[in-house]
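Student: I'd like to ask some things about the structure below.
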Amino acid sequence: MIRSLGIVALIACSSAVAEEPGYGVVGIGTESCTQYLAVAPPDHRSEKNHIVYGMMISWIQGYVSGLVAERSLDRPKEDAIALPAFEPMKAFIDKYCRDNPMDDLQTAAHIFFMDLGMKGKWGDAQPKKP
């Protein structure tokens with residue numbers, strides 16, 4: 001009986017470990033869209049908000065740049081893509097966060113990355129939350 005319980009516990013633990021994501025997200029990308037919108041222009045209201053907003057935008061740009069670079073390693077000619085300027089990215093993130101305030105910035109950035117692919121570069125890729 002005890003041996004059977006031990007086997008069941010071992011199987012349960014191994015299943016839980018198998019479902020964990022293959023990477024972790026650290027830094028300001030773990031902040032919520034609600035927090036992003038609270039510091040985004042025109043609501044800077046303070047120097048601190050201006051700095052935090054700059055950190056958030058920089059994190060998003062770095063995250064998306066890394067995804068594009070990683071994807072282009074597999075198929076550089078097919079997947080080459082130029083990242084858009086700041087304003088279109090900001091407009092996308094602002095709208096996504098207004099529509100999904102409980103999501104984190106990593107999710108918003110990932111959906112933005114997937115949206116870039118939907119513009120004809122990556123075939124039938126569909127945006128999904130990571």
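As shown in the structure tokens, the chain order sets the letters A, B, ...; within each chain, residues go from 1, and ligands are also counted from 1 in the order they appear.
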Extract, using only C-alpha atoms, all DNA, RNA and protein residues at most 6 Å from region 52-67 of chain A, discarding same-chain residues fewer than 5 positions from it, and format them as a list of chain:residue names.
Tutor: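 Contacts, with the query itself left out: A:Val39, A:Ala40, A:Ala109, A:Phe113.
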Student: Could you name the residues that touch region 99-101 of chain A at 7 Å or less, counting only C-alpha atoms, but leaving out those on the same chain fewer than 4 positions away, as a short mmCIF file (atom, residue, chain, number, x, y, z; two decimals) with C-alpha atoms, in the first residue's frame?
Tutor:
```cif
data_model
loop_
_atom_site.label_atom_id
_atom_site.label_comp_id
_atom_site.auth_asym_id
_atom_site.auth_seq_id
_atom_site.Cartn_x
_atom_site.Cartn_y
_atom_site.Cartn_z
CA SER A 32 0.95 43.62 -15.51
CA CYS A 33 -0.60 45.60 -18.32
CA THR A 34 -2.46 47.55 -15.65
CA LYS A 95 -4.22 48.65 -27.18
#
```
Student: Applying 10 Å and only C-alpha atoms, which residues near Ile93 (chain A) remain after dropping the ones on its own chain fewer than 2 positions away? List them as a ChimeraX atom specification.
Tutor: /A:33,36-37,57,60,87-91,95-99,105,108-109,111-112
